[in-house]
Amino acid sequence: MLEIQITATNIRYTNGGVSAVHVQFQGNDPEQTINLNGYVPLTAEEYQGNEALSVLTEVVRTKLVNRLQPQAE
């Protein structure tokens, strides 16, 4: 399983409220043969209620898996 570490969150505000969040991350597998890094864009709604680091990590993991294995259309 990939170990995901959140390295930063960049919160964008519009009219005094959160408009978007870019969650930066690093990830690697236990053998250190696969390395990933980048950011996952979240809407304000996706971020709200998921601010805790453990929960946010799972949101990032889910988004990564969905990106790597898109649903068949």
# chains A, B, ... in the order shown; residues from 1 in each chain; ligands from 1
>>> select_by_dssp(residues="stretch 5-68 of chain A", states="alpha helix (DSSP H)", output="number ranges by chain")
A: 44-47, 53-68
>>> write_last_selection(atoms="C-alpha atoms", output="PDB file, in the first residue's frame")
ATOM      1  CA  ALA A  44     -14.777  23.812  -0.748  1.00  0.00           C
ATOM      2  CA  GLU A  45     -17.478  21.180  -0.247  1.00  0.00           C
ATOM      3  CA  GLU A  46     -14.995  18.292  -0.510  1.00  0.00           C
ATOM      4  CA  TYR A  47     -12.664  19.958   1.999  1.00  0.00           C
ATOM      5  CA  LEU A  53      -5.062  15.088   8.608  1.00  0.00           C
ATOM      6  CA  SER A  54      -6.057  11.414   8.804  1.00  0.00           C
ATOM      7  CA  VAL A  55      -9.308  12.029   6.939  1.00  0.00           C
ATOM      8  CA  LEU A  56      -7.685  14.333   4.383  1.00  0.00           C
ATOM      9  CA  THR A  57      -5.059  11.657   3.691  1.00  0.00           C
ATOM     10  CA  GLU A  58      -7.809   9.169   2.841  1.00  0.00           C
ATOM     11  CA  VAL A  59      -9.507  11.720   0.572  1.00  0.00           C
ATOM     12  CA  VAL A  60      -6.209  12.165  -1.293  1.00  0.00           C
ATOM     13  CA  ARG A  61      -5.688   8.384  -1.483  1.00  0.00           C
ATOM     14  CA  THR A  62      -9.190   7.895  -2.923  1.00  0.00           C
ATOM     15  CA  LYS A  63      -8.686  10.653  -5.495  1.00  0.00           C
ATOM     16  CA  LEU A  64      -5.336   9.128  -6.540  1.00  0.00           C
ATOM     17  CA  VAL A  65      -6.807   5.652  -6.976  1.00  0.00           C
ATOM     18  CA  ASN A  66      -9.696   7.056  -8.999  1.00  0.00           C
ATOM     19  CA  ARG A  67      -7.245   8.938 -11.194  1.00  0.00           C
ATOM     20  CA  LEU A  68      -5.057   5.876 -11.731  1.00  0.00           C
TER      21      LEU A  68
END
>>> residues_around(residues="A:Ala8", least_positions_apart="5", cutoff="12 Å", atoms="only C-alpha atoms", output="list in words")
Val21, His22, Val23, Gln24, Phe25, Gln26, Asn37, Gly38, Tyr39, Val40, Glu51, Leu53, Leu56 and Thr57 of chain A
>>> atom_distance(atom1="atom CA of A:Ala20", atom2="atom CA of A:Ile4")
20.9 Å
>>> select_by_dssp(residues="chain A", states="strand (DSSP E)", output="ChimeraX atom specification")
/A:3-14,17-28,35-43
>>> residues_around(residues="A:Gln48", least_positions_apart="5", cutoff="10 Å", atoms="only C-alpha atoms", output="list in words")
Val18, Val21, Leu42 and Thr43 of chain A
>>> residues_around(residues="A:Leu2", least_positions_apart="4", cutoff="8 Å", atoms="only C-alpha atoms", output="list in words")
Gly27, Asn28, Asp29 and Pro30 of chain A
>>> write_last_selection(atoms="C-alpha atoms", output="compact mmCIF listing (two decimals), in the first residue's frame")
# COMPACT_ATOMS: atom_id res chain seq x y z
CA GLY A 27 3.74 9.08 -1.48
CA ASN A 28 5.83 5.95 -1.78
CA ASP A 29 5.46 2.21 -1.51
CA PRO A 30 7.08 0.09 1.23
>>> atom_distance(atom1="atom CA of A:Thr33", atom2="atom CA of A:Ala52")
28.5 Å
